[in-house]
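S.K.: Next comes the structure file entry_2.cif, holding mmCIF, C-alpha atoms.
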```cif
data_coords
loop_
_atom_site.label_atom_id
_atom_site.label_comp_id
_atom_site.auth_asym_id
_atom_site.auth_seq_id
_atom_site.Cartn_x
_atom_site.Cartn_y
_atom_site.Cartn_z
CA MET L 158 102.25 89.72 80.13
CA ILE L 159 102.00 92.43 82.78
CA TRP L 160 100.41 90.05 85.28
CA THR L 161 103.69 88.12 85.40
CA ALA L 162 105.21 91.05 87.31
CA LEU L 163 103.00 90.37 90.34
CA ALA L 164 103.76 86.65 90.15
CA ILE L 165 107.53 87.21 90.03
CA GLY L 166 107.33 89.72 92.84
CA PHE L 167 105.22 87.59 95.17
CA VAL L 168 107.02 84.27 94.70
CA GLY L 169 110.41 85.95 94.54
CA SER L 170 109.76 87.79 97.81
CA PHE L 171 110.27 84.53 99.71
CA HIS L 172 113.76 84.43 98.22
CA CYS L 173 114.23 88.14 99.00
CA ILE L 174 113.85 87.44 102.71
CA GLY L 175 117.44 86.23 102.71
CA MET L 176 118.85 89.46 101.27
CA CYS L 177 116.41 92.23 102.17
CA GLY L 178 114.95 90.55 105.24
CA PRO L 179 117.77 91.71 107.55
CA ILE L 180 117.21 95.30 106.37
CA ALA L 181 113.46 95.01 107.04
CA LEU L 182 114.14 93.60 110.50
CA ALA L 183 116.66 96.36 111.26
CA LEU L 184 114.26 99.21 110.48
CA PRO L 185 114.15 101.69 113.38
CA MET L 186 111.29 101.25 115.83
CA SER L 187 109.15 104.13 116.99
CA GLN L 188 107.43 104.25 120.35
CA ASN L 189 104.80 106.72 119.16
CA SER L 190 102.03 104.34 118.12
CA ARG L 191 101.23 101.12 116.33
CA LEU L 192 99.92 103.19 113.42
CA HIS L 193 103.28 104.93 113.10
CA LEU L 194 105.04 101.57 113.09
CA VAL L 195 102.84 100.11 110.36
CA SER L 196 102.92 103.33 108.31
CA GLY L 197 106.71 103.36 108.39
CA ARG L 198 106.94 99.76 107.18
CA VAL L 199 104.46 100.44 104.40
CA LEU L 200 106.42 103.51 103.29
CA TYR L 201 109.64 101.47 103.31
CA ASN L 202 108.11 98.94 100.93
CA LEU L 203 106.56 101.62 98.74
CA GLY L 204 109.99 103.23 98.50
CA ARG L 205 111.33 100.02 96.98
CA ALA L 206 108.40 99.87 94.55
CA PHE L 207 108.96 103.48 93.42
CA THR L 208 112.63 102.76 92.76
CA TYR L 209 111.69 99.73 90.70
CA ALA L 210 109.22 101.88 88.76
CA GLY L 211 111.94 104.44 88.04
CA ILE L 212 114.27 101.74 86.76
CA GLY L 213 111.33 100.35 84.79
CA LEU L 214 111.01 103.70 82.97
CA LEU L 215 114.51 103.21 81.57
CA ALA L 216 113.82 99.57 80.70
CA GLY L 217 110.59 100.59 78.99
CA LEU L 218 112.43 103.27 77.02
CA ILE L 219 114.88 100.65 75.78
CA GLY L 220 112.00 98.34 74.88
CA GLN L 221 110.17 101.14 73.07
CA SER L 222 113.28 101.99 71.06
CA LEU L 223 113.72 98.36 70.09
CA SER L 224 110.07 98.16 69.11
CA LEU L 225 110.35 101.21 66.86
CA ALA L 226 113.42 99.64 65.29
CA GLY L 227 111.29 96.62 64.40
CA ILE L 228 113.32 94.10 66.43
CA GLN L 229 111.15 93.83 69.53
CA GLN L 230 110.07 90.28 68.64
CA ALA L 231 113.68 89.15 68.30
CA VAL L 232 114.55 90.79 71.61
CA SER L 233 111.66 88.98 73.30
CA ILE L 234 112.89 85.63 71.98
CA VAL L 235 116.49 86.35 72.98
CA SER L 236 115.35 87.40 76.48
CA GLY L 237 113.49 84.12 76.87
CA VAL L 238 116.47 82.10 75.70
CA LEU L 239 118.83 83.96 78.07
CA ILE L 240 116.51 83.25 81.01
CA LEU L 241 116.49 79.56 80.09
CA ILE L 242 120.29 79.57 79.94
CA ILE L 243 120.49 81.22 83.38
CA VAL L 244 118.19 78.55 84.81
CA LEU L 245 120.14 75.69 83.21
CA ILE L 246 123.62 76.91 84.20
CA PRO L 247 124.78 74.99 87.31
CA SER L 248 125.19 77.15 90.41
CA SER L 249 128.87 76.19 90.61
CA VAL L 250 129.45 77.72 87.17
CA SER L 251 127.35 80.84 87.79
CA GLN L 252 129.24 81.57 91.03
CA LYS L 253 132.52 81.44 89.14
CA LEU L 254 131.20 83.91 86.58
CA SER L 255 130.53 86.42 89.39
CA LEU L 256 128.36 88.64 87.20
CA LEU L 257 127.49 90.86 90.15
CA LYS L 258 131.08 91.70 91.11
CA PRO L 259 131.03 95.11 89.37
CA ALA L 260 128.08 96.05 91.59
CA TYR L 261 129.85 95.29 94.88
CA GLY L 262 131.39 98.77 95.15
CA PHE L 263 128.01 100.37 94.55
CA THR L 264 126.50 98.08 97.20
CA SER L 265 129.08 99.28 99.75
CA LEU L 266 128.04 102.88 99.08
CA LEU L 267 124.39 101.96 99.62
CA LYS L 268 125.22 100.26 102.92
CA ARG L 269 126.84 103.44 104.19
CA LYS L 270 123.66 105.34 103.34
CA PHE L 271 121.64 102.68 105.17
CA ARG L 272 123.66 103.16 108.36
CA SER L 273 123.01 106.90 108.46
CA LEU L 274 119.26 106.50 107.82
CA LEU L 275 118.80 103.64 110.29
CA THR L 276 119.67 105.99 113.14
CA LYS L 277 116.56 108.06 112.39
CA LYS L 278 112.95 107.15 113.13
CA SER L 279 111.00 109.50 110.88
CA LEU L 280 108.58 108.24 108.26
CA ARG L 281 110.57 110.09 105.60
CA SER L 282 113.77 108.25 106.49
CA LEU L 283 111.96 104.89 106.29
CA PHE L 284 110.73 105.77 102.80
CA TYR L 285 114.29 106.74 101.77
CA ILE L 286 115.61 103.44 103.13
CA GLY L 287 113.16 101.67 100.82
CA VAL L 288 114.22 103.83 97.87
CA ILE L 289 117.88 102.93 98.45
CA ASN L 290 116.98 99.28 99.04
CA GLY L 291 115.50 99.16 95.54
CA PHE L 292 118.94 99.78 94.02
CA LEU L 293 120.54 96.73 95.64
CA PRO L 294 121.75 94.20 93.03
CA CYS L 295 119.25 91.34 92.77
CA GLY L 296 118.83 88.59 90.20
CA LEU L 297 115.04 88.68 90.51
CA VAL L 298 115.00 92.41 89.80
CA TYR L 299 117.04 91.78 86.66
CA LEU L 300 114.55 89.10 85.65
CA ALA L 301 111.69 91.56 86.13
CA LEU L 302 113.59 94.15 84.07
CA ALA L 303 113.66 91.71 81.18
CA GLY L 304 109.87 91.68 81.38
CA ALA L 305 109.79 95.49 81.51
CA VAL L 306 111.85 95.70 78.33
CA ALA L 307 109.44 93.30 76.65
CA MET L 308 106.56 95.68 77.45
CA ALA L 309 107.91 97.94 74.67
CA GLY L 310 106.69 101.17 76.28
CA ILE L 311 107.99 103.67 78.83
CA LEU L 312 104.87 103.77 81.01
CA GLU L 313 104.30 100.05 80.52
CA GLY L 314 107.84 99.29 81.69
CA ALA L 315 107.38 101.49 84.76
CA ALA L 316 104.03 99.86 85.53
CA TYR L 317 105.55 96.39 85.17
CA MET L 318 108.32 97.12 87.66
CA PHE L 319 105.95 98.88 90.06
CA LEU L 320 103.67 95.82 90.05
CA PHE L 321 106.73 93.67 90.65
CA GLY L 322 107.48 95.79 93.71
CA LEU L 323 103.88 95.56 94.90
CA GLY L 324 104.07 91.78 94.56
CA THR L 325 106.93 91.68 97.05
CA ILE L 326 105.15 93.81 99.66
CA PRO L 327 102.91 91.22 101.42
CA VAL L 328 105.79 88.98 102.49
CA MET L 329 108.30 91.77 103.13
CA LEU L 330 105.74 93.76 105.14
CA ALA L 331 104.94 90.71 107.23
CA VAL L 332 108.66 90.15 107.87
CA SER L 333 109.19 93.76 108.99
CA LEU L 334 106.19 93.58 111.35
CA ALA L 335 106.29 90.01 112.63
CA GLY L 336 109.94 89.10 112.29
CA ASN L 337 111.27 86.14 110.37
CA PHE L 338 107.95 84.29 110.31
CA VAL L 339 108.88 82.17 107.27
CA SER L 340 110.94 79.18 108.35
CA GLN L 341 114.14 78.24 106.56
CA LYS L 342 112.59 74.94 105.53
CA LEU L 343 109.61 76.66 103.89
CA ARG L 344 111.87 79.12 102.12
CA ILE L 345 113.93 76.27 100.67
CA ARG L 346 110.77 74.63 99.37
CA ILE L 347 109.52 77.83 97.78
CA ASN L 348 112.91 78.64 96.27
CA ARG L 349 112.76 75.33 94.43
CA TRP L 350 109.79 76.69 92.50
CA ILE L 351 111.56 79.85 91.36
CA PRO L 352 113.43 78.14 88.47
CA ALA L 353 110.11 76.68 87.27
CA ILE L 354 108.55 80.14 87.29
CA MET L 355 111.55 81.50 85.39
CA VAL L 356 111.09 78.78 82.77
CA VAL L 357 107.40 79.66 82.38
CA LEU L 358 108.29 83.33 81.98
CA ALA L 359 110.99 82.48 79.44
CA VAL L 360 108.53 80.41 77.41
CA LEU L 361 106.04 83.31 77.48
CA PHE L 362 108.74 85.67 76.17
CA ILE L 363 109.61 83.26 73.37
CA LEU L 364 105.97 82.70 72.43
CA ARG L 365 105.37 86.45 72.44
CA GLY L 366 108.27 86.95 70.06
CA LEU L 367 107.08 84.21 67.68
CA ASN L 368 103.99 86.28 66.80
CA LEU L 369 101.65 83.26 66.68
CA GLY L 370 98.42 85.22 66.95
CA ILE L 371 97.42 83.70 70.30
CA PRO L 372 95.47 86.31 72.32
CA TYR L 373 97.28 87.62 75.44
CA ILE L 374 100.09 85.05 75.09
CA SER L 375 101.46 85.57 71.58
CA PRO L 376 99.41 88.34 69.94
CA GLU L 377 99.99 89.12 66.30
CA LEU L 378 102.07 92.28 66.14
CA ARG L 379 102.03 94.41 63.04
CA GLN L 380 105.35 95.79 61.93
CA PRO L 381 105.59 99.53 61.29
CA GLY L 382 104.77 100.37 57.68
CA ILE L 383 102.73 97.18 57.08
CA SER L 384 99.08 97.93 56.49
CA ASP L 385 96.09 95.66 57.04
CA GLY L 386 95.36 95.46 53.35
CA SER L 387 93.70 98.81 52.89
CA VAL L 388 95.02 101.10 50.19
CA ILE L 389 95.97 104.65 51.00
CA CYS L 390 95.87 107.07 48.08
CA HIS L 391 97.95 110.21 48.02
#
```
So, in terms of structure tokens, how does the structure I just supplied come out?

M.R.:
Amino acid sequence: MIWTALAIGFVGSFHCIGMCGPIALALPMSQNSRLHLVSGRVLYNLGRAFTYAGIGLLAGLIGQSLSLAGIQQAVSIVSGVLILIIVLIPSSVSQKLSLLKPAYGFTSLLKRKFRSLLTKKSLRSLFYIGVINGFLPCGLVYLALAGAVAMAGILEGAAYMFLFGLGTIPVMLAVSLAGNFVSQKLRIRINRWIPAIMVVLAVLFILRGLNLGIPYISPELRQPGISDGSVICH
């Protein structure tokens, strides 16, 4: 399942151009050297990935707790069903729900931090901009977090989110270096594939929870306390 993090990150990065692209384009320019310019953009993107990894630690902790409670399979199925519901809900209905409204105040605080850091040109400030950028509310990040919870481990959840961040780097790095090189028409075409990818991920979650014994897709998971048939004498 962990490979899905790279897939979500890479395909979703074309959608991210609309939200994070302006931030990438507004990164301060340095006249020192081309190497300094590229290094700063790389650090910005790594900052986002490290933030995702930190959030993934918490998601992995939740997943691990659910696994120890013996309900990880049910959670995986429910996650898949919720993703399917999100995909099937018409955009007109989802906009009315305004699930991200509680995060608007937090977003305003982040924007103020952005303004102060954008006036600086140090490599450290570019990394911090990426770290803050990683906290911006994003539906694709929430989707990736569902995958991190399904990993059922703290380090696994962090690795999942870090790979998700790495998956977004190629496109976001190209945007920060070459400008808005992806046309609006191409972005629209790619965005049409995002629901299909979400459906595939949802099906994988559901299959994983069904415990069908299919290697890598739906491996058979043994519940705590259930032995493999051997007898333990005390």

S.K.: Evaluate the PyMOL selection byres ((chain L and resi 302-310) around 8) here and jot the selected residues down as a ChimeraX atom specification.

M.R.: /L:158-159,162,213,216-224,229,232-233,236,298-301,311-315,317-318,362

S.K.: Mind listing as JSON, numbers by chain all residues within 12 Å of (103.6, 79.8, 84.2), counting all atoms listed in the file?

M.R.: {"L": [158, 160, 161, 162, 164, 165, 168, 350, 351, 352, 353, 354, 355, 356, 357, 358, 359, 360, 361, 362, 374]}

S.K.: Here is a test: counting all atoms listed in the file, which residue of L:Ser170, L:Thr276, L:Ser190, L:Thr208 is nearest to Asn290 in chain L?

M.R.: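 Using all atoms listed in the file, the shortest distance to Asn290 in chain L belongs to L:Thr208.
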
S.K.: Given all atoms listed in the file as the basis, pick out the residue of L:Leu274, L:Leu369, L:Leu194, L:Ile242 nearest to Ile286 in chain L.

M.R.: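 Under the stated criterion, the closest residue is L:Leu274.
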
S.K.: Every residue with an atom at most 10 Å from (110.2, 98.1, 107.0) (file coordinates; only C-alpha atoms) is what I'm after, so could you write them as a ChimeraX atom specification?

M.R.: /L:177-186,194-204,283-284,286-287,326,329-334

S.K.: How many Å separate CA of Leu275 in chain L from CA of Met176 in chain L?

M.R.: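 Interatomic distance here is 16.8 Å.
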
S.K.: I'd like to know which of L:Pro294, L:Ile371, L:Gly166, L:Ala335 is closest to Ala206 in chain L, using all atoms listed in the file.

M.R.: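 Of the candidates, the smallest distance to Ala206 in chain L is held by L:Gly166.
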
S.K.: Using all atoms listed in the file for the distances, tell me which of L:His193, L:Lys342, L:Arg365, L:Arg349 is nearest to Leu280 in chain L.

M.R.: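 Of L:His193, L:Lys342, L:Arg365, L:Arg349, the one nearest Leu280 in chain L is L:His193, counting all atoms listed in the file.
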
S.K.: Could you jot down the CA of Leu293 in chain L to CA of Phe167 in chain L separation for me, Å, one decimal place?

M.R.: 17.8 Å

S.K.: What is the distance, in Å and to one decimal place, between CA of Arg346 in chain L and CA of Leu241 in chain L?

M.R.: 20.7 Å
